[in-house]
Amino acid sequence: MSFQIKEPPTEFDVVIVGSGAGGGMAAYQLAKAGAKVALLEAGGYYDPADPKYITQLKWPYESPRRGASTPFRNFGDFDAAWGGWEIAGEPYTRKRGTEFDWFRSRMMGGRTNHWGRISLRFGPDDFRRKSIDGLGEDWPIDYKTVAPYYDQVDKLIGVFGEANGLPNDPDSIFLPAPKPRLHELMLKESAKKSGVPIYPNRLSILTKPVNNERGSCFYCSQCNRGCQAYADFSASSVLVIPAVKTGNVTLTTNAMVREVLTDPNTGMATGVSYVDREKLTEHVVKGKVVVLAASACESARLLLNSKSTRHPNGLANSSDVVGKYLHDSTGASRGAFIPKLMDRKRYNEDGVGGAHIYSPWWLDNKKLDFPRGYHIEYGGGMGMPGYGFGWGMENTNGKYPGPDGKMKEAGGYGASLKDDYRRFYGAYIGMSGRGEAVASADNYCEIDPTTVDKFGIPVLRFSYKWSDYEIKQAKHMQDTFEQIIDAMGGVASGNKPGADSNYGLAAPGRIIHEVGTTRMGSDPKTSALNAFNQAHDAKNVFVVDGGAFVSQADKNPTWTILALSWRASDYIIDQVKKKNI
Amino acid sequence: MKRRDSLKALTLSSFGVAALNPQEVLAERRELDKAMNTPPAEVGFGRTKEEAEHDAKLMAEKYFTDKELATLAVLSDIIIPKDSKSGSASESGVPQFIEFMVKDQPYWQTPFRGGLQWLDRESAKRFGGKVFTALSKEQRLQIVDDIAYPEKAKPEMSQGVSFFNTMRNFTATGFFSSKIGIEDIGYMGNRPNVWDGVPADVLAKYKVSYDK
């Protein structure tokens with residue numbers, strides 16, 4: 001096989017790497033403004049409305065494994081997101097004694113195919129944490145700077161919620177929120193006792209149509225399967241497909257980018273090189289501007305792999321911060337059984353994909369032994385049975401009286417057991433804390449000196465350890481969960497996670513909110529990007545994924561990725577007009 | 001599976017040639033016919049090429065012997081029998097579901113195969129060398145009663161308890177995620193709908209409301 005490099009004759013105005021939230025938004029905005037855009041996606045094409053991809057409204061028995069997880073879809077056979085924590089032929093490594101699990105979804109729209117559609121704005125405090133608690137770093141921008149872009153994202157994409165006027169959880173321009181389900185009403189009621197406030201959730205799901213291209217929610221509760229009506233936010237349906245429709249975007253799927261190419265004299269980017277995943281052919285795409293949106297760690301990997309005489313430490317890395325300050329949201333969970341929900345009346349309780357309520361952070365860290373907050377997400381209800389349904393009945397059915405009022409032996413079999421599954425259906429709830437970690441230079445990804453993937457591209461090696469801040473926060477979550485469960489008259493499942501398990505704190509990477517690897521800042525010595533997501537070291541290079549974050553708030557990162565990518569796109573248009581790039 | 005193949009497999013089934021009496025063969029055949037009654041699930045729900053190939057490969061393989069499948073059918077129906085509301089575990093396809101799962105997640109293979117062997121050994125010890133499927137209903141339940149209740153089971157039964165827990169879990173998941181099971185449990189979603197909140201009578205029953 002020859003090693004010929006294929007190069008299209010044209011030079012694009014912009015080359016974008018990655019088609020998720022950040023890349024999709026940049027492609028859409030830049031193409032609408034008239035730029036000729038090359039959009040490169042490492043995975044395959046995906047359209048949630050194309051029958052060949054549809055998993056929505058399928059029944060569990062259509063899957064021979066009833067929706068269980070597979071190496072091809074870690075979140076189960078019906079989840080829209082291909083890929084997962086391990087991808088065949090694309091390894092990553094960890095430094096001894098540290099942990100990090102890296103979720104990758106190689107497909108159009110990236111990880112927006114999986115996420116929970118929780119669309120929270122960062123609040124004013126979230127941009128200035130160092131000023132508040134002395135830890136980490138302040139952002140070079142404030143809430144007021146980003147707010148107009150949040151407004152635009154709300155209007156373009158749509159998000160439901162309720163204006164609550166909370167100081168650090170700013171309201172969006174909301175579509176109507178769906179009414180709570182039964183267990184959610186009970187949680188709301190319990191808040192009076194537990195003191196943990198509960199508000200309507202904020203999800204990018206269309207409870208009313210926002211335009212003619214997208215339908216509105218039909219309440220199947222399956223956003224994670226991708227919506228054939230385009231009634232939730234996925235980068236594929238809401239951004240990439242409309243961007244391609246402008247006629248200005250050349251979308252290339254299965255394009256696994258190796259490195260950003262730079263001019264040896266000016267140090268500016270000239271384009272990227274990529275390998276076709278399927279044909280294994282080598283290609284170069286030239287562009288006047290290169291926008292990376294491959295995900296925080298993948299973009300850091302690309303920059304670190306783009307070494308040249310002008311950029312000996314990797315592109316955009318004269319500060320040596322690329323890969324550093326990697327941080328994911330904290331996460332801990334607990335489940336509970338709610339005896340008063342036994343023997344429920346059946347009705348269609350699907351609702352939207354996700355909880356209709358949530359608890360934003362409600363306490364003052366000055367009075368606590370850890371520095372940052374968390375929000376709580378809730379689950380429960382009469383959902384569609386699938387793989388795992390009824391598991392562990394022997395731990396439950398001996399604890400509650402039968403229909404005759406008598407206790408019975410745990411476990412069992414036969415007609416009485418069969419009836420237990422019916423009686424216990426819909427009587428469980430779950431809750432998960434999602435909190436802010438303190439970004440640290442000690443938590444990082446770097447290029448592994450000895451390992452390459454199947455394309456020969458050097459892979460990432462992770463080094464990440466939770467600190468006491470995060471562990472104490474997880475402890476607080478567990479105490480809070482028990483308060484909520486008690487207030488609701490529930491019985492917490494299993495044993496309370498203790499110090500031996502870091503209070504159930506999930507391994508870093510598991511919450512899939514990792515950010516910070518190419519952080520922005522005013523000082524080129526301590527940041528990779530400026531306040532417009534532009535590389536300090538090469539002004540035609542931008543990073544518009546979560547890598548740009550200085551700190552990941554106790555919110556989900558997607559809405560902020562979208563707002564900042566839009567803002568960076570406006571800046572690119574402005575700078576091109578002014579002939580600065 | 002063609003009937004001819006299942007019969008051929010049957011003559012090779014059963015451990016120990018001496019144990020192969022006509023009654024056992026009849027019992028096995030009855031259970032096997034029940035177990036293989038349900039056609040396998042169709043693949044056609046947005047699979048990628050890799051997934052379709054992987055699933056097709058697994059479906060073409062066979063892990064359990066016919067004798068093992070027959071025992072799985074008997075056990076699953078002891079766990080979830082037919083009642084006035086719905087059919088039994090084997091009618092819902094539980095044995096085929098378990099057959100697929102042990103190929104899909106091979107770490108279940110030994111717990112299942114070993115557990116089934118444990119069960120047949122226990123049957124043989126107690127009832128004159130007979131395998132589990134050859135026992136009378138009362139004899140089967142005598143063994144099941146000793147392994148179905150984790151908190152009161154004798155310590156020497158612990159391996160059997162563990163196997164029965166696994167069997168109970170797979171049976172419940174397989175049954176309630178089947179068409180029969182979903183209708184039984186009363187799940188009413190997975191269709192276009194309008195959510196306008198909890199029905200009024202339910203709100204009243206639980207003394208909650210949307211007004212507060």
# chains A, B, ... in the order shown; residues from 1 in each chain; ligands from 1
call {"tool": "interface_residues", "arguments": {"of": "chain B", "to": "chain A", "cutoff": "6 Å", "atoms": "only C-alpha atoms", "output": "list in words"}}
result
Ala41, Phe45, Gly46, Ile78, Ile79, Ile80, Pro81, Ala148, Tyr149, Asn169, Ala172, Thr173, Ser177, Ser178, Ile185, Met188, Gly189, Asn190, Pro192, Asn193, Trp195 and Gly197 of chain B
call {"tool": "write_last_selection", "arguments": {"atoms": "N, CA and C atoms", "output": "PDB file, in the first residue's frame"}}
result
ATOM      1  N   ALA B  41     -35.570 -13.135  19.026  1.00  0.00           N
ATOM      2  CA  ALA B  41     -35.861 -11.729  18.727  1.00  0.00           C
ATOM      3  C   ALA B  41     -35.230 -11.342  17.391  1.00  0.00           C
ATOM      4  N   PHE B  45     -32.817  -2.687  15.008  1.00  0.00           N
ATOM      5  CA  PHE B  45     -33.158  -1.511  15.810  1.00  0.00           C
ATOM      6  C   PHE B  45     -31.961  -0.567  15.834  1.00  0.00           C
ATOM      7  N   GLY B  46     -31.588  -0.117  14.641  1.00  0.00           N
ATOM      8  CA  GLY B  46     -30.532   0.892  14.563  1.00  0.00           C
ATOM      9  C   GLY B  46     -29.146   0.354  14.844  1.00  0.00           C
ATOM     10  N   ILE B  78     -40.557 -22.469  37.508  1.00  0.00           N
ATOM     11  CA  ILE B  78     -40.785 -22.552  38.956  1.00  0.00           C
ATOM     12  C   ILE B  78     -40.737 -21.145  39.549  1.00  0.00           C
ATOM     13  N   ILE B  79     -39.803 -20.323  39.035  1.00  0.00           N
ATOM     14  CA  ILE B  79     -39.635 -18.963  39.551  1.00  0.00           C
ATOM     15  C   ILE B  79     -40.794 -18.069  39.113  1.00  0.00           C
ATOM     16  N   ILE B  80     -41.091 -18.079  37.828  1.00  0.00           N
ATOM     17  CA  ILE B  80     -42.230 -17.287  37.330  1.00  0.00           C
ATOM     18  C   ILE B  80     -43.170 -18.218  36.570  1.00  0.00           C
ATOM     19  N   PRO B  81     -44.186 -18.745  37.276  1.00  0.00           N
ATOM     20  CA  PRO B  81     -45.141 -19.657  36.624  1.00  0.00           C
ATOM     21  C   PRO B  81     -46.259 -18.876  35.923  1.00  0.00           C
ATOM     22  N   ALA B 148     -33.945 -21.322  47.784  1.00  0.00           N
ATOM     23  CA  ALA B 148     -34.666 -20.132  47.303  1.00  0.00           C
ATOM     24  C   ALA B 148     -34.779 -19.030  48.358  1.00  0.00           C
ATOM     25  N   TYR B 149     -34.366 -19.326  49.578  1.00  0.00           N
ATOM     26  CA  TYR B 149     -34.558 -18.343  50.657  1.00  0.00           C
ATOM     27  C   TYR B 149     -33.208 -18.047  51.317  1.00  0.00           C
ATOM     28  N   ASN B 169     -32.806 -13.654  39.216  1.00  0.00           N
ATOM     29  CA  ASN B 169     -32.580 -12.351  38.588  1.00  0.00           C
ATOM     30  C   ASN B 169     -32.747 -12.407  37.074  1.00  0.00           C
ATOM     31  N   ALA B 172     -36.440 -12.939  36.145  1.00  0.00           N
ATOM     32  CA  ALA B 172     -37.269 -11.734  36.302  1.00  0.00           C
ATOM     33  C   ALA B 172     -36.988 -10.737  35.187  1.00  0.00           C
ATOM     34  N   THR B 173     -35.710 -10.486  34.928  1.00  0.00           N
ATOM     35  CA  THR B 173     -35.370  -9.539  33.866  1.00  0.00           C
ATOM     36  C   THR B 173     -35.868 -10.031  32.511  1.00  0.00           C
ATOM     37  N   SER B 177     -39.065  -8.056  30.706  1.00  0.00           N
ATOM     38  CA  SER B 177     -38.690  -7.263  29.529  1.00  0.00           C
ATOM     39  C   SER B 177     -39.199  -7.919  28.251  1.00  0.00           C
ATOM     40  N   SER B 178     -39.965  -8.980  28.398  1.00  0.00           N
ATOM     41  CA  SER B 178     -40.583  -9.612  27.221  1.00  0.00           C
ATOM     42  C   SER B 178     -41.953  -8.972  26.966  1.00  0.00           C
ATOM     43  N   ILE B 185     -46.728  -6.336  33.781  1.00  0.00           N
ATOM     44  CA  ILE B 185     -46.336  -5.337  34.784  1.00  0.00           C
ATOM     45  C   ILE B 185     -47.159  -4.056  34.626  1.00  0.00           C
ATOM     46  N   MET B 188     -47.188   1.366  30.544  1.00  0.00           N
ATOM     47  CA  MET B 188     -48.114   1.901  29.548  1.00  0.00           C
ATOM     48  C   MET B 188     -47.483   2.915  28.612  1.00  0.00           C
ATOM     49  N   GLY B 189     -46.162   3.053  28.693  1.00  0.00           N
ATOM     50  CA  GLY B 189     -45.515   4.075  27.866  1.00  0.00           C
ATOM     51  C   GLY B 189     -44.927   3.526  26.577  1.00  0.00           C
ATOM     52  N   ASN B 190     -43.828   4.152  26.154  1.00  0.00           N
ATOM     53  CA  ASN B 190     -43.141   3.822  24.899  1.00  0.00           C
ATOM     54  C   ASN B 190     -44.043   4.054  23.694  1.00  0.00           C
ATOM     55  N   PRO B 192     -46.065   7.695  21.571  1.00  0.00           N
ATOM     56  CA  PRO B 192     -46.290   9.139  21.628  1.00  0.00           C
ATOM     57  C   PRO B 192     -47.429   9.461  22.591  1.00  0.00           C
ATOM     58  N   ASN B 193     -47.252  10.494  23.341  1.00  0.00           N
ATOM     59  CA  ASN B 193     -48.144  10.761  24.468  1.00  0.00           C
ATOM     60  C   ASN B 193     -48.112  12.254  24.769  1.00  0.00           C
ATOM     61  N   TRP B 195     -47.942  14.437  28.248  1.00  0.00           N
ATOM     62  CA  TRP B 195     -47.843  14.371  29.705  1.00  0.00           C
ATOM     63  C   TRP B 195     -48.496  15.608  30.297  1.00  0.00           C
ATOM     64  N   GLY B 197     -49.320  15.548  33.696  1.00  0.00           N
ATOM     65  CA  GLY B 197     -49.251  15.367  35.136  1.00  0.00           C
ATOM     66  C   GLY B 197     -49.917  14.089  35.610  1.00  0.00           C
TER      67      GLY B 197
END
call {"tool": "select_by_dssp", "arguments": {"residues": "stretch 80-204 of chain B", "states": "alpha helix (DSSP H)", "output": "number ranges by chain"}}
result
B: 94-104, 109-126, 137-147, 158-176, 179-185, 200-204
call {"tool": "select_by_dssp", "arguments": {"residues": "stretch 332-371 of chain A", "states": "strand (DSSP E)", "output": "PyMOL selection string"}}
result
chain A and resi 332-337+357-359
call {"tool": "residues_around", "arguments": {"residues": "stretch 95-110 of chain B", "least_positions_apart": "5", "cutoff": "7 Å", "atoms": "only C-alpha atoms", "output": "ChimeraX atom specification"}}
result
/A:64-65 /B:35,58,63-64,69,72-73,90,170,174
call {"tool": "residues_around", "arguments": {"residues": "A:Asn495", "least_positions_apart": "2", "cutoff": "12 Å", "atoms": "only C-alpha atoms", "output": "ChimeraX atom specification"}}
result
/A:333-336,395,478,482,491-493,497-498,501,503-504
call {"tool": "closest_residue", "arguments": {"among": "A:Pro91, A:Thr10, A:Thr560, A:Asp486", "to": "A:Lys193", "atoms": "only C-alpha atoms"}}
result
A:Asp486
call {"tool": "residues_around", "arguments": {"residues": "stretch 160-173 of chain A", "least_positions_apart": "2", "cutoff": "8 Å", "atoms": "only C-alpha atoms", "output": "PyMOL selection string"}}
result
chain A and resi 120-126+150-151+154-155+158+175-177+199-207+360
call {"tool": "write_last_selection", "arguments": {"atoms": "N, CA and C atoms", "output": "PDB file, in the first residue's frame"}}
result
ATOM      1  N   LEU A 120     -27.868  23.859  32.202  1.00  0.00           N
ATOM      2  CA  LEU A 120     -27.770  24.872  33.243  1.00  0.00           C
ATOM      3  C   LEU A 120     -26.745  25.926  32.854  1.00  0.00           C
ATOM      4  N   ARG A 121     -27.115  27.169  33.035  1.00  0.00           N
ATOM      5  CA  ARG A 121     -26.133  28.251  32.883  1.00  0.00           C
ATOM      6  C   ARG A 121     -25.190  28.244  34.075  1.00  0.00           C
ATOM      7  N   PHE A 122     -23.967  28.626  33.853  1.00  0.00           N
ATOM      8  CA  PHE A 122     -23.102  28.948  34.988  1.00  0.00           C
ATOM      9  C   PHE A 122     -23.616  30.261  35.593  1.00  0.00           C
ATOM     10  N   GLY A 123     -23.387  30.426  36.885  1.00  0.00           N
ATOM     11  CA  GLY A 123     -23.798  31.661  37.527  1.00  0.00           C
ATOM     12  C   GLY A 123     -22.625  32.622  37.703  1.00  0.00           C
ATOM     13  N   PRO A 124     -22.911  33.835  38.153  1.00  0.00           N
ATOM     14  CA  PRO A 124     -21.842  34.843  38.322  1.00  0.00           C
ATOM     15  C   PRO A 124     -20.678  34.331  39.165  1.00  0.00           C
ATOM     16  N   ASP A 125     -20.967  33.611  40.247  1.00  0.00           N
ATOM     17  CA  ASP A 125     -19.884  33.127  41.115  1.00  0.00           C
ATOM     18  C   ASP A 125     -19.011  32.084  40.425  1.00  0.00           C
ATOM     19  N   ASP A 126     -19.613  31.368  39.462  1.00  0.00           N
ATOM     20  CA  ASP A 126     -18.888  30.263  38.830  1.00  0.00           C
ATOM     21  C   ASP A 126     -17.721  30.738  37.975  1.00  0.00           C
ATOM     22  N   TYR A 150     -25.761  32.970  26.221  1.00  0.00           N
ATOM     23  CA  TYR A 150     -26.719  32.016  26.814  1.00  0.00           C
ATOM     24  C   TYR A 150     -28.121  32.302  26.280  1.00  0.00           C
ATOM     25  N   ASP A 151     -28.484  33.601  26.229  1.00  0.00           N
ATOM     26  CA  ASP A 151     -29.819  33.960  25.715  1.00  0.00           C
ATOM     27  C   ASP A 151     -30.020  33.429  24.298  1.00  0.00           C
ATOM     28  N   ASP A 154     -30.419  29.686  24.275  1.00  0.00           N
ATOM     29  CA  ASP A 154     -31.782  29.340  24.721  1.00  0.00           C
ATOM     30  C   ASP A 154     -32.761  29.438  23.561  1.00  0.00           C
ATOM     31  N   LYS A 155     -32.657  30.541  22.802  1.00  0.00           N
ATOM     32  CA  LYS A 155     -33.641  30.783  21.744  1.00  0.00           C
ATOM     33  C   LYS A 155     -33.438  29.850  20.564  1.00  0.00           C
ATOM     34  N   GLY A 158     -33.529  25.873  22.580  1.00  0.00           N
ATOM     35  CA  GLY A 158     -34.709  25.627  23.403  1.00  0.00           C
ATOM     36  C   GLY A 158     -34.380  24.907  24.687  1.00  0.00           C
ATOM     37  N   LEU A 175     -38.903  27.556  27.979  1.00  0.00           N
ATOM     38  CA  LEU A 175     -40.157  26.956  27.523  1.00  0.00           C
ATOM     39  C   LEU A 175     -40.846  26.400  28.764  1.00  0.00           C
ATOM     40  N   PRO A 176     -42.139  26.085  28.679  1.00  0.00           N
ATOM     41  CA  PRO A 176     -42.833  25.592  29.885  1.00  0.00           C
ATOM     42  C   PRO A 176     -42.227  24.270  30.384  1.00  0.00           C
ATOM     43  N   ALA A 177     -42.119  24.158  31.697  1.00  0.00           N
ATOM     44  CA  ALA A 177     -41.598  22.932  32.305  1.00  0.00           C
ATOM     45  C   ALA A 177     -42.724  21.916  32.453  1.00  0.00           C
ATOM     46  N   TYR A 199     -36.669  22.365  42.527  1.00  0.00           N
ATOM     47  CA  TYR A 199     -37.218  23.248  41.502  1.00  0.00           C
ATOM     48  C   TYR A 199     -37.468  22.440  40.224  1.00  0.00           C
ATOM     49  N   PRO A 200     -38.262  23.011  39.303  1.00  0.00           N
ATOM     50  CA  PRO A 200     -38.400  22.343  37.997  1.00  0.00           C
ATOM     51  C   PRO A 200     -37.039  22.205  37.317  1.00  0.00           C
ATOM     52  N   ASN A 201     -36.847  21.096  36.661  1.00  0.00           N
ATOM     53  CA  ASN A 201     -35.585  20.852  35.967  1.00  0.00           C
ATOM     54  C   ASN A 201     -35.420  21.813  34.785  1.00  0.00           C
ATOM     55  N   ARG A 202     -34.229  21.844  34.234  1.00  0.00           N
ATOM     56  CA  ARG A 202     -33.925  22.712  33.098  1.00  0.00           C
ATOM     57  C   ARG A 202     -33.286  21.856  32.018  1.00  0.00           C
ATOM     58  N   LEU A 203     -34.100  21.408  31.083  1.00  0.00           N
ATOM     59  CA  LEU A 203     -33.620  20.468  30.072  1.00  0.00           C
ATOM     60  C   LEU A 203     -33.860  21.030  28.669  1.00  0.00           C
ATOM     61  N   SER A 204     -32.925  20.754  27.772  1.00  0.00           N
ATOM     62  CA  SER A 204     -33.090  21.230  26.383  1.00  0.00           C
ATOM     63  C   SER A 204     -33.951  20.246  25.609  1.00  0.00           C
ATOM     64  N   ILE A 205     -35.231  20.290  25.938  1.00  0.00           N
ATOM     65  CA  ILE A 205     -36.258  19.455  25.313  1.00  0.00           C
ATOM     66  C   ILE A 205     -37.410  20.385  24.971  1.00  0.00           C
ATOM     67  N   LEU A 206     -37.950  20.248  23.769  1.00  0.00           N
ATOM     68  CA  LEU A 206     -38.941  21.211  23.292  1.00  0.00           C
ATOM     69  C   LEU A 206     -40.352  20.837  23.752  1.00  0.00           C
ATOM     70  N   THR A 207     -40.794  21.469  24.820  1.00  0.00           N
ATOM     71  CA  THR A 207     -42.182  21.301  25.237  1.00  0.00           C
ATOM     72  C   THR A 207     -43.111  22.134  24.353  1.00  0.00           C
ATOM     73  N   PRO A 360     -30.813  22.592  42.747  1.00  0.00           N
ATOM     74  CA  PRO A 360     -29.560  23.336  42.577  1.00  0.00           C
ATOM     75  C   PRO A 360     -28.854  23.474  43.937  1.00  0.00           C
TER      76      PRO A 360
END
call {"tool": "atom_distance", "arguments": {"atom1": "atom CA of A:Gly22", "atom2": "atom CA of A:Ala548"}}
result
10.6 Å
call {"tool": "closest_residue", "arguments": {"among": "B:Glu51, B:Tyr210, B:Ser162, B:Ile182", "to": "B:Val198", "atoms": "only C-alpha atoms"}}
result
B:Tyr210
